[in-house]
Amino acid sequence: TLTFGPLETSKTITVLVNGDTTIEGPEAFTVHLQGATNALIGDADGTGTIVNDDAPPTPTPTPTPVPTPTPVPFPGFEGDINRTTVGSPSTGDGDVNVGDQLQYIRFLNGTDCPARGTTVPTQNEQQRLDAGPRDQPVAFSRGDGLFGASDGTAIDAYARHDSTTDFNPNTPIWDPTPAGGPLTISNLGCTPTAEAEGLDVPAAAETAAVAAARTVRLISGAATGRDITVEIEMAAQGNEAGTQYTLHFDPAVVTVSDVSGVNANPDVSLGADSPSGTSLNVNAEGAANGTIGIVENFNATSDSITAIATGNRRIARVTFHVRSGAAAGESPVTFDDSVVKGLSADTTGVILSTTFDQNGRIIIPSTSGASLSGRVTSPDGRGVRGATVTIFDNSGFSRTATTSAFGYYAFDDVAAATYSISVSSRQFRYASRTIEVGDNLADVNFTGLE
């Protein structure tokens, strides 16, 4: 019902609409007025329109397909020549290491012949092998088209990762040098094989047991004055032709020579079990910061390549110099990959998995060291003159003393460590002893056996 007051000429009618979500066009409806009182209806019918308010759904955009990237092999690098399949051309492994030194020997002695040159560095063993000489003008600084000793010297330099071979010194890590120079070698003396076609098939993997058993560790030795010599020992599996590692030490406690090169560092020497002809390729540029890289090639001066014998083999010695004022006690010496990556290689240059024991330590002696003394007597208690008393530490280093007229002996400045003591005499036999030196020891006596 609509009620108009005096002078009113319009009223609003509310129309109930049942809404839905169906998308459709506008719809018309009619309103009819009737039964007017005290008024006349001029036009009883009116038309209204229901307008659609449902928007069509937003279409899901069709995703733009992402093209599958084409695999791009790493660029070839100078000196990166070791193979992952015995006798088959290789693209290298992206690093220069002891495996490349061994492969150089295989090329040198004619066991292998480098793949013929192409314009693709990763497939051109000849261009990567022709790494030297490195002291030529820029146009020839990456080889001279000839194969010889200068290439081995260059590969040695690349393998130790020193600053003279760092292609980009502005990065925190050593960067290999992209292959360049002549594409072929003119004096090979062998028939080149076909070039490598991308990455080759890996060599057969070692058994897990063999790989896990190959461990390199540090064995601490006793101090001689303010010097401490340690042994590097490998639990060899009988197929290792070379190995490499980085030693990390505390430069606030000990120092080591900063001389780099092949067999050049006075503080790094061959171990008792190093095969004849072993080279020690040292990068000591980081010695002041507590790192030194060592690359050991067990076949550096040999025409043939052989592996080190199975067993625990002492392959190197490193002498540390204790800084003045360094506190007595233990100081860790560990392995890392900061200079050269820790690994080994077999007689074909193929990389071998290697575990590095991180429990190495050196014992810093007190400033004066300890004293060790005693007496050597005959079975009936008389002092024995002229007997030789020898003390050995765990690394095999020894010191000797000769007994006095009454059989007394003494050692001064003995570092804290475990020692074996033996006595040699032309008159009597003596049993050896093992003792732990931590402070001054007296009355370490020996009595002749009946």
# chains A, B, ... in the order shown; residues from 1 in each chain; ligands from 1

call {"tool": "residues_around", "arguments": {"residues": "A:Val86", "least_positions_apart": "3", "cutoff": "9 Å", "atoms": "only C-alpha atoms", "output": "list in words"}}
result
Arg83, Pro89, Ala203, Thr348, Gly349 and Val350 of chain A

call {"tool": "residues_around", "arguments": {"residues": "A:Ala236", "least_positions_apart": "2", "cutoff": "10 Å", "atoms": "only C-alpha atoms", "output": "PyMOL selection string"}}
result
chain A and resi 210+213-216+233-234+238-240+307-314+354

call {"tool": "residues_around", "arguments": {"residues": "A:Gly132", "least_positions_apart": "6", "cutoff": "6 Å", "atoms": "only C-alpha atoms", "output": "VMD selection string"}}
result
chain A and resid 143 150 to 151 154

call {"tool": "write_last_selection", "arguments": {"atoms": "C-alpha atoms", "output": "short mmCIF file (atom, residue, chain, number, x, y, z; two decimals), in the first residue's frame"}}
result
data_model
loop_
_atom_site.label_atom_id
_atom_site.label_comp_id
_atom_site.auth_asym_id
_atom_site.auth_seq_id
_atom_site.Cartn_x
_atom_site.Cartn_y
_atom_site.Cartn_z
CA GLY A 143 101.90 -23.36 -24.73
CA SER A 150 108.29 -27.24 -19.85
CA ASP A 151 104.75 -28.67 -19.94
CA ALA A 154 103.80 -25.78 -15.92
#

call {"tool": "closest_residue", "arguments": {"among": "A:Gly181, A:Gly152, A:Pro192, A:Pro133", "to": "A:Gly110", "atoms": "only C-alpha atoms"}}
result
A:Pro192

call {"tool": "residues_around", "arguments": {"residues": "A:Gly145", "least_positions_apart": "4", "cutoff": "12 Å", "atoms": "only C-alpha atoms", "output": "MDAnalysis selection string"}}
result
chainID A and resid 117 126:133 140:141 150:151 180:188

call {"tool": "select_by_dssp", "arguments": {"residues": "stretch 105-346 of chain A", "states": "alpha helix (DSSP H)", "output": "list in words"}}
result
Ile105, Arg106, Phe107, Leu108, Glu125, Gln126, Gln127, Arg128, Leu129, Ala149, Ser150, Asp151, Gly152, Thr153, Ala154, Ile155, Asp156, Ala157, Tyr158, Ala159, Ala208, Ala209, Val210, Ala211, Ala212 and Ala213 of chain A

call {"tool": "atom_distance", "arguments": {"atom1": "atom CA of A:Glu27", "atom2": "atom CA of A:Ile41"}}
result
26.0 Å

call {"tool": "residues_around", "arguments": {"residues": "stretch 337-341 of chain A", "least_positions_apart": "3", "cutoff": "7 Å", "atoms": "only C-alpha atoms", "output": "NGL selection string"}}
result
:A and (160-161 or 245-246 or 292-293)

call {"tool": "write_last_selection", "arguments": {"atoms": "all heavy atoms", "output": "tab-separated table (two decimals), in the first residue's frame"}}
result
chain	number	residue	atom	x	y	z
A	160	ARG	N	99.92	-26.96	-7.79
A	160	ARG	CA	100.07	-26.46	-6.41
A	160	ARG	C	99.23	-25.22	-6.14
A	160	ARG	O	99.23	-24.69	-5.03
A	160	ARG	CB	101.54	-26.23	-6.06
A	160	ARG	CG	102.26	-25.14	-6.83
A	160	ARG	CD	103.68	-24.95	-6.29
A	160	ARG	NE	104.46	-24.05	-7.13
A	160	ARG	CZ	105.28	-24.44	-8.09
A	160	ARG	NH1	105.45	-25.73	-8.33
A	160	ARG	NH2	105.94	-23.56	-8.81
A	161	HIS	N	98.55	-24.69	-7.17
A	161	HIS	CA	97.57	-23.60	-6.99
A	161	HIS	C	98.20	-22.34	-6.39
A	161	HIS	O	97.57	-21.69	-5.53
A	161	HIS	CB	96.41	-24.06	-6.11
A	161	HIS	CG	95.53	-25.09	-6.76
A	161	HIS	ND1	94.30	-25.43	-6.23
A	161	HIS	CD2	95.68	-25.85	-7.86
A	161	HIS	CE1	93.74	-26.36	-6.98
A	161	HIS	NE2	94.56	-26.63	-7.98
A	245	TYR	N	97.18	-32.69	-0.16
A	245	TYR	CA	96.42	-32.27	1.01
A	245	TYR	C	96.87	-30.87	1.42
A	245	TYR	O	97.92	-30.38	1.00
A	245	TYR	CB	96.66	-33.23	2.18
A	245	TYR	CG	98.10	-33.65	2.34
A	245	TYR	CD1	98.99	-32.90	3.10
A	245	TYR	CD2	98.58	-34.79	1.69
A	245	TYR	CE1	100.32	-33.26	3.21
A	245	TYR	CE2	99.91	-35.16	1.80
A	245	TYR	CZ	100.78	-34.39	2.56
A	245	TYR	OH	102.10	-34.75	2.66
A	246	THR	N	96.04	-30.22	2.22
A	246	THR	CA	96.38	-28.93	2.82
A	246	THR	C	96.43	-29.10	4.33
A	246	THR	O	95.52	-29.67	4.93
A	246	THR	CB	95.32	-27.86	2.47
A	246	THR	OG1	95.30	-27.67	1.05
A	246	THR	CG2	95.63	-26.54	3.14
A	292	ILE	N	99.35	-24.64	4.40
A	292	ILE	CA	100.39	-25.05	3.47
A	292	ILE	C	99.85	-26.22	2.66
A	292	ILE	O	99.30	-27.17	3.22
A	292	ILE	CB	101.71	-25.42	4.20
A	292	ILE	CG1	102.80	-25.82	3.21
A	292	ILE	CG2	101.48	-26.51	5.24
A	292	ILE	CD1	104.17	-25.97	3.86
A	293	GLY	N	99.95	-26.14	1.33
A	293	GLY	CA	99.46	-27.20	0.46
A	293	GLY	C	100.62	-28.06	-0.02
A	293	GLY	O	101.68	-27.54	-0.39

call {"tool": "residues_around", "arguments": {"residues": "A:Ile391", "least_positions_apart": "6", "cutoff": "9 Å", "atoms": "only C-alpha atoms", "output": "NGL selection string"}}
result
:A and (397-401 or 419-422)

call {"tool": "write_last_selection", "arguments": {"atoms": "N, CA and C atoms", "output": "PDB file, in the first residue's frame"}}
result
ATOM      1  N   PHE A 397     112.049 -40.479  15.661  1.00  0.00           N
ATOM      2  CA  PHE A 397     113.204 -39.622  15.892  1.00  0.00           C
ATOM      3  C   PHE A 397     113.889 -40.033  17.202  1.00  0.00           C
ATOM      4  N   SER A 398     115.221 -39.894  17.211  1.00  0.00           N
ATOM      5  CA  SER A 398     115.963 -40.412  18.361  1.00  0.00           C
ATOM      6  C   SER A 398     117.016 -39.425  18.848  1.00  0.00           C
ATOM      7  N   ARG A 399     117.402 -39.595  20.116  1.00  0.00           N
ATOM      8  CA  ARG A 399     118.529 -38.896  20.718  1.00  0.00           C
ATOM      9  C   ARG A 399     119.327 -39.916  21.508  1.00  0.00           C
ATOM     10  N   THR A 400     120.643 -39.702  21.639  1.00  0.00           N
ATOM     11  CA  THR A 400     121.493 -40.650  22.363  1.00  0.00           C
ATOM     12  C   THR A 400     122.311 -39.944  23.428  1.00  0.00           C
ATOM     13  N   ALA A 401     122.682 -40.721  24.438  1.00  0.00           N
ATOM     14  CA  ALA A 401     123.583 -40.246  25.489  1.00  0.00           C
ATOM     15  C   ALA A 401     124.503 -41.402  25.867  1.00  0.00           C
ATOM     16  N   TYR A 419     108.109 -42.135  25.032  1.00  0.00           N
ATOM     17  CA  TYR A 419     109.398 -42.534  24.468  1.00  0.00           C
ATOM     18  C   TYR A 419     109.684 -44.016  24.753  1.00  0.00           C
ATOM     19  N   SER A 420     110.407 -44.618  23.812  1.00  0.00           N
ATOM     20  CA  SER A 420     111.007 -45.931  24.041  1.00  0.00           C
ATOM     21  C   SER A 420     112.486 -45.700  24.338  1.00  0.00           C
ATOM     22  N   ILE A 421     113.016 -46.410  25.339  1.00  0.00           N
ATOM     23  CA  ILE A 421     114.420 -46.239  25.730  1.00  0.00           C
ATOM     24  C   ILE A 421     115.120 -47.587  25.609  1.00  0.00           C
ATOM     25  N   SER A 422     116.264 -47.577  24.944  1.00  0.00           N
ATOM     26  CA  SER A 422     117.051 -48.801  24.806  1.00  0.00           C
ATOM     27  C   SER A 422     118.487 -48.519  25.213  1.00  0.00           C
TER      28      SER A 422
END

call {"tool": "closest_atom_pairs", "arguments": {"of": "stretch 222-307 of chain A", "to": "stretch 360-377 of chain A", "cutoff": "10 Å", "atoms": "only C-alpha atoms", "output": "Markdown table"}}
result
| residue | atom | partner | partner_atom | distance |
| --- | --- | --- | --- | --- |
| A:Ala222 | CA | A:Ile363 | CA | 7.7 |
| A:Ala223 | CA | A:Pro365 | CA | 7.0 |
| A:Thr224 | CA | A:Pro365 | CA | 9.6 |
| A:Gly225 | CA | A:Gly369 | CA | 8.3 |
| A:Arg226 | CA | A:Pro365 | CA | 7.9 |
| A:Asp227 | CA | A:Ile364 | CA | 9.3 |
| A:Ile228 | CA | A:Ile362 | CA | 7.5 |
| A:Thr229 | CA | A:Ile362 | CA | 8.8 |
| A:Val230 | CA | A:Ile362 | CA | 7.8 |
| A:Ile232 | CA | A:Gly360 | CA | 9.8 |
| A:Leu247 | CA | A:Gly360 | CA | 9.9 |
| A:Phe249 | CA | A:Arg361 | CA | 9.0 |
| A:Val253 | CA | A:Ile364 | CA | 8.4 |
| A:Val254 | CA | A:Ile364 | CA | 9.0 |

call {"tool": "residues_around", "arguments": {"residues": "A:Gly386", "least_positions_apart": "5", "cutoff": "10 Å", "atoms": "only C-alpha atoms", "output": "list in words"}}
result
Val376, Ala401, Thr402, Thr403, Ser404, Ala405, Phe406, Gly407, Tyr408, Tyr409, Ser424, Ser425 and Arg426 of chain A

call {"tool": "write_last_selection", "arguments": {"atoms": "N, CA and C atoms", "output": "PDB file, in the first residue's frame"}}
result
ATOM      1  N   VAL A 376     122.966 -46.965  34.337  1.00  0.00           N
ATOM      2  CA  VAL A 376     123.069 -48.278  33.695  1.00  0.00           C
ATOM      3  C   VAL A 376     124.079 -49.093  34.495  1.00  0.00           C
ATOM      4  N   ALA A 401     122.682 -40.721  24.438  1.00  0.00           N
ATOM      5  CA  ALA A 401     123.583 -40.246  25.489  1.00  0.00           C
ATOM      6  C   ALA A 401     124.503 -41.402  25.867  1.00  0.00           C
ATOM      7  N   THR A 402     125.721 -41.084  26.302  1.00  0.00           N
ATOM      8  CA  THR A 402     126.706 -42.104  26.688  1.00  0.00           C
ATOM      9  C   THR A 402     126.902 -42.057  28.201  1.00  0.00           C
ATOM     10  N   THR A 403     126.933 -43.220  28.828  1.00  0.00           N
ATOM     11  CA  THR A 403     127.053 -43.277  30.291  1.00  0.00           C
ATOM     12  C   THR A 403     128.445 -42.870  30.750  1.00  0.00           C
ATOM     13  N   SER A 404     128.481 -42.297  31.970  1.00  0.00           N
ATOM     14  CA  SER A 404     129.735 -41.850  32.567  1.00  0.00           C
ATOM     15  C   SER A 404     130.505 -43.040  33.145  1.00  0.00           C
ATOM     16  N   ALA A 405     131.620 -42.745  33.806  1.00  0.00           N
ATOM     17  CA  ALA A 405     132.450 -43.801  34.397  1.00  0.00           C
ATOM     18  C   ALA A 405     131.678 -44.612  35.425  1.00  0.00           C
ATOM     19  N   PHE A 406     130.674 -44.029  36.044  1.00  0.00           N
ATOM     20  CA  PHE A 406     129.888 -44.737  37.053  1.00  0.00           C
ATOM     21  C   PHE A 406     128.522 -45.163  36.513  1.00  0.00           C
ATOM     22  N   GLY A 407     128.322 -45.053  35.175  1.00  0.00           N
ATOM     23  CA  GLY A 407     127.101 -45.569  34.553  1.00  0.00           C
ATOM     24  C   GLY A 407     125.950 -44.579  34.471  1.00  0.00           C
ATOM     25  N   TYR A 408     126.158 -43.324  34.790  1.00  0.00           N
ATOM     26  CA  TYR A 408     125.062 -42.362  34.769  1.00  0.00           C
ATOM     27  C   TYR A 408     124.884 -41.744  33.371  1.00  0.00           C
ATOM     28  N   TYR A 409     123.638 -41.403  33.045  1.00  0.00           N
ATOM     29  CA  TYR A 409     123.330 -40.726  31.776  1.00  0.00           C
ATOM     30  C   TYR A 409     122.266 -39.666  32.045  1.00  0.00           C
ATOM     31  N   SER A 424     122.539 -49.953  24.713  1.00  0.00           N
ATOM     32  CA  SER A 424     123.452 -50.805  23.960  1.00  0.00           C
ATOM     33  C   SER A 424     124.806 -50.818  24.660  1.00  0.00           C
ATOM     34  N   SER A 425     125.304 -52.032  24.927  1.00  0.00           N
ATOM     35  CA  SER A 425     126.582 -52.182  25.613  1.00  0.00           C
ATOM     36  C   SER A 425     127.302 -53.409  25.059  1.00  0.00           C
ATOM     37  N   ARG A 426     128.627 -53.323  25.011  1.00  0.00           N
ATOM     38  CA  ARG A 426     129.394 -54.488  24.540  1.00  0.00           C
ATOM     39  C   ARG A 426     129.505 -55.576  25.609  1.00  0.00           C
TER      40      ARG A 426
END

call {"tool": "atom_distance", "arguments": {"atom1": "atom CA of A:Ala115", "atom2": "atom CA of A:Asn168"}}
result
28.1 Å

call {"tool": "atom_distance", "arguments": {"atom1": "atom CA of A:Glu450", "atom2": "atom CA of A:Thr434"}}
result
21.2 Å

call {"tool": "closest_atom_pairs", "arguments": {"of": "stretch 58-131 of chain A", "to": "stretch 256-280 of chain A", "cutoff": "12 Å", "atoms": "only C-alpha atoms", "output": "Markdown table"}}
result
| residue | atom | partner | partner_atom | distance |
| --- | --- | --- | --- | --- |
| A:Val98 | CA | A:Ser279 | CA | 10.6 |
| A:Gln101 | CA | A:Ser279 | CA | 10.7 |
| A:Leu102 | CA | A:Ser279 | CA | 11.7 |

call {"tool": "write_last_selection", "arguments": {"atoms": "N, CA and C atoms", "output": "mmCIF file, in the first residue's frame"}}
result
data_model
loop_
_atom_site.group_PDB
_atom_site.id
_atom_site.type_symbol
_atom_site.label_atom_id
_atom_site.label_comp_id
_atom_site.auth_asym_id
_atom_site.auth_seq_id
_atom_site.Cartn_x
_atom_site.Cartn_y
_atom_site.Cartn_z
ATOM 1 N N VAL A 98 97.336 -33.814 -8.631
ATOM 2 C CA VAL A 98 98.331 -34.873 -8.788
ATOM 3 C C VAL A 98 97.934 -35.857 -9.873
ATOM 4 N N GLN A 101 99.465 -34.629 -13.014
ATOM 5 C CA GLN A 101 100.903 -34.885 -13.050
ATOM 6 C C GLN A 101 101.184 -36.319 -13.502
ATOM 7 N N LEU A 102 100.378 -37.255 -13.012
ATOM 8 C CA LEU A 102 100.570 -38.654 -13.382
ATOM 9 C C LEU A 102 100.198 -38.903 -14.843
#

call {"tool": "select_by_dssp", "arguments": {"residues": "stretch 28-154 of chain A", "states": "strand (DSSP E)", "output": "PDB file with N, CA, C and O atoms, in the first residue's frame"}}
result
ATOM      1  N   ALA A  28      13.212  -7.887 -17.364  1.00  0.00           N
ATOM      2  CA  ALA A  28      12.187  -6.845 -17.112  1.00  0.00           C
ATOM      3  C   ALA A  28      11.061  -7.397 -16.240  1.00  0.00           C
ATOM      4  O   ALA A  28      10.771  -8.587 -16.264  1.00  0.00           O
ATOM      5  N   PHE A  29      10.434  -6.508 -15.461  1.00  0.00           N
ATOM      6  CA  PHE A  29       9.251  -6.882 -14.671  1.00  0.00           C
ATOM      7  C   PHE A  29       8.274  -5.677 -14.679  1.00  0.00           C
ATOM      8  O   PHE A  29       8.702  -4.547 -14.926  1.00  0.00           O
ATOM      9  N   THR A  30       6.983  -5.969 -14.389  1.00  0.00           N
ATOM     10  CA  THR A  30       5.930  -4.920 -14.433  1.00  0.00           C
ATOM     11  C   THR A  30       5.304  -4.719 -13.054  1.00  0.00           C
ATOM     12  O   THR A  30       5.054  -5.699 -12.329  1.00  0.00           O
ATOM     13  N   VAL A  31       5.089  -3.428 -12.675  1.00  0.00           N
ATOM     14  CA  VAL A  31       4.393  -3.084 -11.419  1.00  0.00           C
ATOM     15  C   VAL A  31       3.024  -2.480 -11.803  1.00  0.00           C
ATOM     16  O   VAL A  31       2.960  -1.509 -12.575  1.00  0.00           O
ATOM     17  N   HIS A  32       1.908  -3.038 -11.223  1.00  0.00           N
ATOM     18  CA  HIS A  32       0.554  -2.584 -11.552  1.00  0.00           C
ATOM     19  C   HIS A  32      -0.089  -1.966 -10.308  1.00  0.00           C
ATOM     20  O   HIS A  32      -0.080  -2.586  -9.230  1.00  0.00           O
ATOM     21  N   ASP A  45       0.460   1.065 -14.899  1.00  0.00           N
ATOM     22  CA  ASP A  45       1.541   0.076 -15.100  1.00  0.00           C
ATOM     23  C   ASP A  45       2.894   0.780 -15.297  1.00  0.00           C
ATOM     24  O   ASP A  45       3.021   1.756 -16.035  1.00  0.00           O
ATOM     25  N   GLY A  46       3.926   0.193 -14.613  1.00  0.00           N
ATOM     26  CA  GLY A  46       5.316   0.650 -14.787  1.00  0.00           C
ATOM     27  C   GLY A  46       6.257  -0.531 -15.001  1.00  0.00           C
ATOM     28  O   GLY A  46       6.016  -1.623 -14.496  1.00  0.00           O
ATOM     29  N   THR A  47       7.298  -0.347 -15.792  1.00  0.00           N
ATOM     30  CA  THR A  47       8.247  -1.435 -16.124  1.00  0.00           C
ATOM     31  C   THR A  47       9.601  -1.187 -15.436  1.00  0.00           C
ATOM     32  O   THR A  47      10.157  -0.077 -15.513  1.00  0.00           O
ATOM     33  N   GLY A  48      10.115  -2.205 -14.772  1.00  0.00           N
ATOM     34  CA  GLY A  48      11.449  -2.159 -14.144  1.00  0.00           C
ATOM     35  C   GLY A  48      12.411  -3.151 -14.794  1.00  0.00           C
ATOM     36  O   GLY A  48      11.987  -4.051 -15.512  1.00  0.00           O
ATOM     37  N   THR A  49      13.699  -2.982 -14.545  1.00  0.00           N
ATOM     38  CA  THR A  49      14.725  -3.879 -15.126  1.00  0.00           C
ATOM     39  C   THR A  49      15.657  -4.402 -14.035  1.00  0.00           C
ATOM     40  O   THR A  49      16.183  -3.624 -13.216  1.00  0.00           O
ATOM     41  N   ILE A  50      15.845  -5.722 -14.043  1.00  0.00           N
ATOM     42  CA  ILE A  50      16.834  -6.363 -13.142  1.00  0.00           C
ATOM     43  C   ILE A  50      18.134  -6.504 -13.929  1.00  0.00           C
ATOM     44  O   ILE A  50      18.189  -7.197 -14.963  1.00  0.00           O
TER      45      ILE A  50
END

call {"tool": "decode", "arguments": {"residues": "stretch 293-318 of chain A", "atoms": "N, CA and C atoms", "output": "PDB file, in the first residue's frame"}}
result
ATOM      1  N   GLY A 293      99.948 -26.136   1.330  1.00  0.00           N
ATOM      2  CA  GLY A 293      99.464 -27.199   0.456  1.00  0.00           C
ATOM      3  C   GLY A 293     100.620 -28.057  -0.022  1.00  0.00           C
ATOM      4  N   ILE A 294     100.419 -29.380  -0.033  1.00  0.00           N
ATOM      5  CA  ILE A 294     101.470 -30.316  -0.429  1.00  0.00           C
ATOM      6  C   ILE A 294     100.892 -31.301  -1.445  1.00  0.00           C
ATOM      7  N   VAL A 295     101.540 -31.387  -2.610  1.00  0.00           N
ATOM      8  CA  VAL A 295     101.153 -32.330  -3.656  1.00  0.00           C
ATOM      9  C   VAL A 295     102.297 -33.328  -3.798  1.00  0.00           C
ATOM     10  N   GLU A 296     102.028 -34.607  -3.529  1.00  0.00           N
ATOM     11  CA  GLU A 296     103.062 -35.643  -3.590  1.00  0.00           C
ATOM     12  C   GLU A 296     102.840 -36.541  -4.789  1.00  0.00           C
ATOM     13  N   ASN A 297     103.819 -36.573  -5.669  1.00  0.00           N
ATOM     14  CA  ASN A 297     103.817 -37.486  -6.814  1.00  0.00           C
ATOM     15  C   ASN A 297     104.865 -38.552  -6.524  1.00  0.00           C
ATOM     16  N   PHE A 298     104.428 -39.790  -6.309  1.00  0.00           N
ATOM     17  CA  PHE A 298     105.360 -40.862  -5.961  1.00  0.00           C
ATOM     18  C   PHE A 298     106.209 -41.319  -7.146  1.00  0.00           C
ATOM     19  N   ASN A 299     105.979 -40.750  -8.337  1.00  0.00           N
ATOM     20  CA  ASN A 299     106.659 -41.211  -9.558  1.00  0.00           C
ATOM     21  C   ASN A 299     107.243 -40.053 -10.366  1.00  0.00           C
ATOM     22  N   ALA A 300     107.611 -38.970  -9.713  1.00  0.00           N
ATOM     23  CA  ALA A 300     107.988 -37.754 -10.431  1.00  0.00           C
ATOM     24  C   ALA A 300     109.209 -37.932 -11.323  1.00  0.00           C
ATOM     25  N   THR A 301     110.157 -38.784 -10.945  1.00  0.00           N
ATOM     26  CA  THR A 301     111.387 -38.938 -11.726  1.00  0.00           C
ATOM     27  C   THR A 301     111.466 -40.297 -12.399  1.00  0.00           C
ATOM     28  N   SER A 302     110.336 -40.964 -12.523  1.00  0.00           N
ATOM     29  CA  SER A 302     110.334 -42.312 -13.085  1.00  0.00           C
ATOM     30  C   SER A 302     109.698 -42.321 -14.461  1.00  0.00           C
ATOM     31  N   ASP A 303     110.192 -43.208 -15.336  1.00  0.00           N
ATOM     32  CA  ASP A 303     109.591 -43.366 -16.655  1.00  0.00           C
ATOM     33  C   ASP A 303     108.330 -44.210 -16.603  1.00  0.00           C
ATOM     34  N   SER A 304     108.214 -45.043 -15.575  1.00  0.00           N
ATOM     35  CA  SER A 304     107.011 -45.854 -15.389  1.00  0.00           C
ATOM     36  C   SER A 304     106.327 -45.424 -14.110  1.00  0.00           C
ATOM     37  N   ILE A 305     105.063 -45.777 -13.992  1.00  0.00           N
ATOM     38  CA  ILE A 305     104.285 -45.352 -12.827  1.00  0.00           C
ATOM     39  C   ILE A 305     103.927 -46.565 -11.988  1.00  0.00           C
ATOM     40  N   THR A 306     104.289 -46.530 -10.724  1.00  0.00           N
ATOM     41  CA  THR A 306     103.966 -47.611  -9.802  1.00  0.00           C
ATOM     42  C   THR A 306     103.276 -47.037  -8.579  1.00  0.00           C
ATOM     43  N   ALA A 307     102.589 -47.899  -7.848  1.00  0.00           N
ATOM     44  CA  ALA A 307     101.851 -47.475  -6.658  1.00  0.00           C
ATOM     45  C   ALA A 307     102.685 -47.732  -5.410  1.00  0.00           C
ATOM     46  N   ILE A 308     102.376 -46.997  -4.368  1.00  0.00           N
ATOM     47  CA  ILE A 308     103.029 -47.215  -3.079  1.00  0.00           C
ATOM     48  C   ILE A 308     102.519 -48.526  -2.489  1.00  0.00           C
ATOM     49  N   ALA A 309     103.351 -49.177  -1.680  1.00  0.00           N
ATOM     50  CA  ALA A 309     102.989 -50.478  -1.113  1.00  0.00           C
ATOM     51  C   ALA A 309     101.848 -50.347  -0.111  1.00  0.00           C
ATOM     52  N   THR A 310     101.086 -51.411   0.021  1.00  0.00           N
ATOM     53  CA  THR A 310      99.977 -51.443   0.972  1.00  0.00           C
ATOM     54  C   THR A 310     100.495 -51.335   2.404  1.00  0.00           C
ATOM     55  N   GLY A 311      99.719 -50.672   3.252  1.00  0.00           N
ATOM     56  CA  GLY A 311     100.063 -50.567   4.669  1.00  0.00           C
ATOM     57  C   GLY A 311     100.185 -49.128   5.117  1.00  0.00           C
ATOM     58  N   ASN A 312     100.512 -48.930   6.379  1.00  0.00           N
ATOM     59  CA  ASN A 312     100.702 -47.586   6.921  1.00  0.00           C
ATOM     60  C   ASN A 312     102.067 -47.074   6.480  1.00  0.00           C
ATOM     61  N   ARG A 313     102.052 -46.073   5.615  1.00  0.00           N
ATOM     62  CA  ARG A 313     103.282 -45.576   5.003  1.00  0.00           C
ATOM     63  C   ARG A 313     103.493 -44.109   5.367  1.00  0.00           C
ATOM     64  N   ARG A 314     104.663 -43.817   5.902  1.00  0.00           N
ATOM     65  CA  ARG A 314     105.003 -42.441   6.260  1.00  0.00           C
ATOM     66  C   ARG A 314     105.578 -41.762   5.020  1.00  0.00           C
ATOM     67  N   ILE A 315     104.822 -40.805   4.494  1.00  0.00           N
ATOM     68  CA  ILE A 315     105.113 -40.277   3.170  1.00  0.00           C
ATOM     69  C   ILE A 315     105.724 -38.871   3.178  1.00  0.00           C
ATOM     70  N   ALA A 316     105.688 -38.179   4.310  1.00  0.00           N
ATOM     71  CA  ALA A 316     106.271 -36.834   4.361  1.00  0.00           C
ATOM     72  C   ALA A 316     106.524 -36.437   5.807  1.00  0.00           C
ATOM     73  N   ARG A 317     107.449 -35.477   5.955  1.00  0.00           N
ATOM     74  CA  ARG A 317     107.725 -34.875   7.260  1.00  0.00           C
ATOM     75  C   ARG A 317     107.607 -33.364   7.133  1.00  0.00           C
ATOM     76  N   VAL A 318     107.020 -32.758   8.142  1.00  0.00           N
ATOM     77  CA  VAL A 318     106.891 -31.297   8.172  1.00  0.00           C
ATOM     78  C   VAL A 318     107.439 -30.807   9.506  1.00  0.00           C
TER      79      VAL A 318
END
